[in-house]
file data-v1.txt (compact mmCIF, C-alpha atoms)
# COMPACT_ATOMS: atom_id res chain seq x y z
CA GLU A 236 -71.73 -68.08 -62.85
CA PHE A 237 -68.72 -66.22 -61.45
CA MET A 238 -70.01 -66.71 -57.92
CA ARG A 239 -70.38 -70.45 -58.50
CA THR A 240 -66.79 -70.71 -59.78
CA ASP A 241 -65.69 -68.94 -56.59
CA MET A 242 -67.54 -71.53 -54.52
CA PHE A 243 -65.94 -74.41 -56.46
CA GLN A 244 -62.56 -72.80 -55.87
CA GLN A 245 -63.27 -72.43 -52.14
CA ILE A 246 -64.25 -76.11 -51.78
CA LEU A 247 -61.04 -77.19 -53.55
CA GLU A 248 -58.88 -74.93 -51.39
CA ASP A 249 -60.60 -76.22 -48.25
CA LEU A 250 -59.91 -79.78 -49.42
CA ASN A 251 -56.23 -78.97 -50.00
CA SER A 252 -55.88 -77.43 -46.56
CA SER A 253 -57.89 -80.17 -44.82
CA SER A 254 -54.83 -82.40 -44.92
CA ALA A 255 -51.10 -81.80 -45.38
CA ASP A 256 -51.18 -84.97 -47.51
CA VAL A 257 -53.33 -83.36 -50.22
CA GLU A 258 -51.11 -81.41 -52.62
CA ALA A 259 -53.57 -80.33 -55.28
CA SER A 260 -57.12 -80.73 -56.51
CA ALA A 261 -59.17 -79.93 -59.58
CA LEU A 262 -62.77 -80.12 -60.74
CA ILE A 263 -63.04 -81.25 -64.34
CA SER A 264 -66.03 -81.71 -66.62
CA THR A 265 -66.56 -85.26 -67.91
CA ASP A 266 -65.37 -84.09 -71.34
CA GLY A 267 -62.04 -83.05 -69.83
CA LEU A 268 -62.42 -79.28 -69.41
CA MET A 269 -61.16 -77.60 -66.25
CA ILE A 270 -64.01 -76.11 -64.19
CA ALA A 271 -61.96 -74.99 -61.18
CA SER A 272 -58.56 -75.89 -59.83
CA ALA A 273 -56.23 -75.53 -56.89
CA LEU A 274 -53.09 -76.86 -58.58
CA PRO A 275 -49.50 -75.85 -57.89
CA SER A 276 -47.79 -73.85 -60.61
CA GLY A 277 -46.01 -75.96 -63.18
CA ILE A 278 -48.87 -78.42 -63.55
CA ASP A 279 -50.52 -78.30 -66.97
CA GLU A 280 -54.26 -77.85 -66.35
CA ASP A 281 -55.29 -79.07 -69.80
CA ARG A 282 -53.32 -82.25 -69.35
CA VAL A 283 -54.78 -82.88 -65.88
CA GLY A 284 -58.26 -82.34 -67.31
CA ALA A 285 -57.86 -84.67 -70.26
CA MET A 286 -56.17 -87.42 -68.22
CA SER A 287 -58.72 -87.30 -65.41
CA ALA A 288 -61.76 -87.56 -67.64
CA ALA A 289 -60.22 -90.38 -69.69
CA LEU A 290 -59.07 -92.38 -66.66
CA LEU A 291 -62.33 -92.10 -64.77
CA SER A 292 -64.30 -93.16 -67.82
CA LEU A 293 -61.96 -96.11 -68.43
CA GLY A 294 -62.15 -97.07 -64.73
CA ASP A 295 -65.94 -96.95 -64.94
CA ARG A 296 -65.95 -99.26 -67.91
CA ALA A 297 -63.46 -101.68 -66.37
CA GLY A 298 -65.44 -101.75 -63.13
CA SER A 299 -68.71 -102.59 -64.80
CA GLU A 300 -67.29 -105.07 -67.33
CA LEU A 301 -65.40 -106.90 -64.59
CA GLY A 302 -68.49 -107.06 -62.41
CA ARG A 303 -67.36 -104.59 -59.75
CA GLY A 304 -70.48 -102.43 -59.96
CA SER A 305 -70.41 -98.66 -60.17
CA THR A 306 -67.01 -97.03 -59.66
CA ASP A 307 -66.36 -95.04 -56.48
CA ARG A 308 -62.90 -93.87 -57.44
CA VAL A 309 -59.93 -94.52 -59.66
CA LEU A 310 -56.60 -94.49 -57.91
CA VAL A 311 -53.15 -94.27 -59.50
CA GLN A 312 -50.26 -95.00 -57.15
CA GLY A 313 -46.86 -93.74 -58.27
CA GLU A 314 -43.54 -93.61 -56.47
CA LYS A 315 -44.09 -89.89 -55.77
CA GLY A 316 -47.68 -90.18 -54.62
CA TYR A 317 -51.28 -90.75 -55.62
CA VAL A 318 -53.75 -89.46 -58.17
CA ILE A 319 -57.31 -90.05 -56.98
CA MET A 320 -60.29 -89.46 -59.26
CA THR A 321 -63.91 -89.46 -58.07
CA SER A 322 -67.17 -88.48 -59.76
CA ALA A 323 -68.71 -85.22 -58.61
CA GLY A 324 -72.27 -85.60 -59.83
CA SER A 325 -72.79 -87.02 -63.30
CA GLU A 326 -71.11 -84.12 -65.08
CA ALA A 327 -67.73 -83.78 -63.41
CA VAL A 328 -64.64 -85.43 -61.97
CA LEU A 329 -62.81 -84.41 -58.80
CA THR A 330 -59.08 -85.15 -59.12
CA VAL A 331 -56.77 -85.02 -56.11
CA LEU A 332 -52.98 -85.33 -55.95
CA ALA A 333 -51.75 -86.74 -52.64
CA LYS A 334 -48.34 -87.49 -51.13
CA SER A 335 -46.92 -91.00 -51.19
CA ASN A 336 -47.19 -91.44 -47.41
CA ALA A 337 -50.77 -90.13 -47.33
CA LYS A 338 -53.36 -91.68 -45.01
CA LEU A 339 -55.78 -92.74 -47.72
CA GLY A 340 -58.75 -93.53 -45.48
CA LEU A 341 -58.87 -89.96 -44.18
CA ILE A 342 -58.29 -88.48 -47.62
CA PHE A 343 -61.10 -90.59 -49.09
CA LEU A 344 -63.45 -89.14 -46.45
CA ASP A 345 -62.39 -85.56 -47.23
CA ILE A 346 -62.76 -86.23 -50.95
CA LYS A 347 -66.22 -87.70 -50.46
CA ARG A 348 -67.29 -84.63 -48.50
CA ALA A 349 -65.88 -82.29 -51.14
CA SER A 350 -67.39 -84.17 -54.07
CA GLU A 351 -70.82 -84.11 -52.42
CA ALA A 352 -70.53 -80.36 -51.86
CA LEU A 353 -69.38 -79.81 -55.44
CA SER A 354 -72.08 -81.98 -57.00
CA LYS A 355 -74.76 -79.94 -55.16
CA LEU A 356 -73.46 -76.82 -56.91
CA LEU A 357 -73.06 -78.36 -60.38

call {"tool": "encode", "arguments": {"input": "data-v1.txt", "output": "structure tokens"}}
result
Amino acid sequence: EFMRTDMFQQILEDLNSSSADVEASALISTDGLMIASALPSGIDEDRVGAMSAALLSLGDRAGSELGRGSTDRVLVQGEKGYVIMTSAGSEAVLTVLAKSNAKLGLIFLDIKRASEALSKLL
């Protein structure tokens, strides 16, 4: 179990260092509990967990009820940057904080790679 947490941590840290545009990332269970995180100090992990799980689930519902099919990601764009949430397997959410001038296409690719790696371990 400890070893697996280490591997989650490593994948998140690799994701953060893959691009200067990625500021933080976290792996959260679908019920909102933090599994692993690479968040800067001063960010409340519990809050990130609860928000991520709630938003992804709401995005899922909106997507299916509005006929958009299954949800790839939920994206929140704020003046100071992005919050991007993606499923990692059926049990978890990968949340990434990115800068406002981020190149989203590249970040989406990195996130996809990371979420695939994470879901294999879950």

call {"tool": "closest_residue", "arguments": {"input": "data-v1.txt", "among": "A:Ala273, A:Val331, A:Ile263, A:Ala337", "to": "Asp241 of chain A", "atoms": "all atoms listed in the file"}}
result
A:Ala273

call {"tool": "residues_around", "arguments": {"input": "data-v1.txt", "residues": "Gly267 of chain A", "least_positions_apart": "3", "cutoff": "9 Å", "atoms": "all atoms listed in the file", "output": "ChimeraX atom specification"}}
result
/A:263-264,281-289,327-328

call {"tool": "closest_residue", "arguments": {"input": "data-v1.txt", "among": "A:Gly298, A:Glu280, A:Pro275, A:Leu262", "to": "Ile319 of chain A", "atoms": "only C-alpha atoms"}}
result
A:Leu262

call {"tool": "closest_residue", "arguments": {"input": "data-v1.txt", "among": "A:Leu293, A:Ala352, A:Val309, A:Met320", "to": "Ser260 of chain A", "atoms": "all atoms listed in the file"}}
result
A:Met320

call {"tool": "closest_residue", "arguments": {"input": "data-v1.txt", "among": "A:Glu248, A:Leu341, A:Arg348, A:Glu258", "to": "Tyr317 of chain A", "atoms": "only C-alpha atoms"}}
result
A:Glu258

call {"tool": "closest_residue", "arguments": {"input": "data-v1.txt", "among": "A:Leu339, A:Lys355, A:Ala333, A:Asp295", "to": "Val257 of chain A", "atoms": "all atoms listed in the file"}}
result
A:Ala333

call {"tool": "closest_residue", "arguments": {"input": "data-v1.txt", "among": "A:Leu353, A:Ala261, A:Ile342, A:Leu301", "to": "Thr330 of chain A", "atoms": "only C-alpha atoms"}}
result
A:Ala261

call {"tool": "atom_distance", "arguments": {"input": "data-v1.txt", "atom1": "atom CA of Gln245 of chain A", "atom2": "atom CA of Leu310 of chain A"}}
result
23.8 Å

call {"tool": "residues_near_point", "arguments": {"input": "data-v1.txt", "point": "(-68.2, -82.3, -50.2)", "cutoff": "12 Å", "atoms": "all atoms listed in the file", "output": "compact mmCIF listing (two decimals) with C-alpha atoms, in the coordinates of the input"}}
result
# COMPACT_ATOMS: atom_id res chain seq x y z
CA MET A 242 -67.54 -71.53 -54.52
CA PHE A 243 -65.94 -74.41 -56.46
CA GLN A 245 -63.27 -72.43 -52.14
CA ILE A 246 -64.25 -76.11 -51.78
CA LEU A 247 -61.04 -77.19 -53.55
CA GLU A 248 -58.88 -74.93 -51.39
CA ASP A 249 -60.60 -76.22 -48.25
CA LEU A 250 -59.91 -79.78 -49.42
CA SER A 253 -57.89 -80.17 -44.82
CA THR A 321 -63.91 -89.46 -58.07
CA SER A 322 -67.17 -88.48 -59.76
CA ALA A 323 -68.71 -85.22 -58.61
CA GLY A 324 -72.27 -85.60 -59.83
CA LEU A 329 -62.81 -84.41 -58.80
CA ILE A 342 -58.29 -88.48 -47.62
CA PHE A 343 -61.10 -90.59 -49.09
CA LEU A 344 -63.45 -89.14 -46.45
CA ASP A 345 -62.39 -85.56 -47.23
CA ILE A 346 -62.76 -86.23 -50.95
CA LYS A 347 -66.22 -87.70 -50.46
CA ARG A 348 -67.29 -84.63 -48.50
CA ALA A 349 -65.88 -82.29 -51.14
CA SER A 350 -67.39 -84.17 -54.07
CA GLU A 351 -70.82 -84.11 -52.42
CA ALA A 352 -70.53 -80.36 -51.86
CA LEU A 353 -69.38 -79.81 -55.44
CA SER A 354 -72.08 -81.98 -57.00
CA LYS A 355 -74.76 -79.94 -55.16
CA LEU A 356 -73.46 -76.82 -56.91
CA LEU A 357 -73.06 -78.36 -60.38

call {"tool": "axis_aligned_box", "arguments": {"input": "data-v1.txt", "around": "segment 240-259 of chain A", "padding_each_side": "6 Å", "output": "AutoDock Vina command-line options"}}
result
--center_x -59.3 --center_y -77.0 --center_z -52.3 --size_x 28.4 --size_y 28.0 --size_z 27.0

call {"tool": "atom_distance", "arguments": {"input": "data-v1.txt", "atom1": "atom CA of Leu290 of chain A", "atom2": "atom CA of Arg303 of chain A"}}
result
16.3 Å

call {"tool": "residues_around", "arguments": {"input": "data-v1.txt", "residues": "Thr240 of chain A", "least_positions_apart": "4", "cutoff": "9 Å", "atoms": "all atoms listed in the file", "output": "list in words"}}
result
Glu236, Gln244, Gln245, Ile270 and Ala271 of chain A

call {"tool": "build_atoms", "arguments": {"input": "data-v1.txt", "residues": "segment 270-288 of chain A", "atoms": "N, CA and C atoms", "output": "mmCIF file, in the coordinates of the input"}}
result
data_model
loop_
_atom_site.group_PDB
_atom_site.id
_atom_site.type_symbol
_atom_site.label_atom_id
_atom_site.label_comp_id
_atom_site.auth_asym_id
_atom_site.auth_seq_id
_atom_site.Cartn_x
_atom_site.Cartn_y
_atom_site.Cartn_z
ATOM 1 N N ILE A 270 -62.956 -76.982 -64.720
ATOM 2 C CA ILE A 270 -64.010 -76.110 -64.190
ATOM 3 C C ILE A 270 -63.419 -75.197 -63.125
ATOM 4 N N ALA A 271 -62.638 -75.772 -62.219
ATOM 5 C CA ALA A 271 -61.960 -74.990 -61.180
ATOM 6 C C ALA A 271 -60.761 -75.810 -60.724
ATOM 7 N N SER A 272 -59.710 -75.117 -60.275
ATOM 8 C CA SER A 272 -58.560 -75.890 -59.830
ATOM 9 C C SER A 272 -57.789 -75.196 -58.728
ATOM 10 N N ALA A 273 -57.155 -76.012 -57.897
ATOM 11 C CA ALA A 273 -56.230 -75.530 -56.890
ATOM 12 C C ALA A 273 -54.972 -76.380 -57.086
ATOM 13 N N LEU A 274 -54.283 -76.091 -58.180
ATOM 14 C CA LEU A 274 -53.090 -76.860 -58.580
ATOM 15 C C LEU A 274 -51.859 -76.002 -58.384
ATOM 16 N N PRO A 275 -50.735 -76.627 -58.001
ATOM 17 C CA PRO A 275 -49.500 -75.850 -57.890
ATOM 18 C C PRO A 275 -49.042 -75.395 -59.275
ATOM 19 N N SER A 276 -48.272 -74.314 -59.314
ATOM 20 C CA SER A 276 -47.790 -73.850 -60.610
ATOM 21 C C SER A 276 -46.890 -74.917 -61.217
ATOM 22 N N GLY A 277 -46.840 -74.955 -62.516
ATOM 23 C CA GLY A 277 -46.010 -75.960 -63.180
ATOM 24 C C GLY A 277 -46.785 -77.207 -63.535
ATOM 25 N N ILE A 278 -48.046 -77.291 -63.124
ATOM 26 C CA ILE A 278 -48.870 -78.420 -63.550
ATOM 27 C C ILE A 278 -49.758 -77.938 -64.687
ATOM 28 N N ASP A 279 -49.757 -78.671 -65.788
ATOM 29 C CA ASP A 279 -50.520 -78.300 -66.970
ATOM 30 C C ASP A 279 -51.994 -78.655 -66.779
ATOM 31 N N GLU A 280 -52.840 -77.639 -66.633
ATOM 32 C CA GLU A 280 -54.260 -77.850 -66.350
ATOM 33 C C GLU A 280 -54.966 -78.661 -67.431
ATOM 34 N N ASP A 281 -54.637 -78.365 -68.694
ATOM 35 C CA ASP A 281 -55.290 -79.070 -69.800
ATOM 36 C C ASP A 281 -54.986 -80.558 -69.750
ATOM 37 N N ARG A 282 -53.736 -80.853 -69.424
ATOM 38 C CA ARG A 282 -53.320 -82.250 -69.350
ATOM 39 C C ARG A 282 -54.023 -82.967 -68.204
ATOM 40 N N VAL A 283 -54.083 -82.308 -67.038
ATOM 41 C CA VAL A 283 -54.780 -82.880 -65.880
ATOM 42 C C VAL A 283 -56.236 -83.150 -66.245
ATOM 43 N N GLY A 284 -56.858 -82.203 -66.923
ATOM 44 C CA GLY A 284 -58.260 -82.340 -67.310
ATOM 45 C C GLY A 284 -58.490 -83.527 -68.227
ATOM 46 N N ALA A 285 -57.695 -83.605 -69.282
ATOM 47 C CA ALA A 285 -57.860 -84.670 -70.260
ATOM 48 C C ALA A 285 -57.610 -86.049 -69.637
ATOM 49 N N MET A 286 -56.526 -86.152 -68.866
ATOM 50 C CA MET A 286 -56.170 -87.420 -68.220
ATOM 51 C C MET A 286 -57.258 -87.887 -67.263
ATOM 52 N N SER A 287 -57.743 -86.964 -66.438
ATOM 53 C CA SER A 287 -58.720 -87.300 -65.410
ATOM 54 C C SER A 287 -60.000 -87.846 -66.015
ATOM 55 N N ALA A 288 -60.503 -87.140 -67.009
ATOM 56 C CA ALA A 288 -61.760 -87.560 -67.640
ATOM 57 C C ALA A 288 -61.584 -88.926 -68.293
#
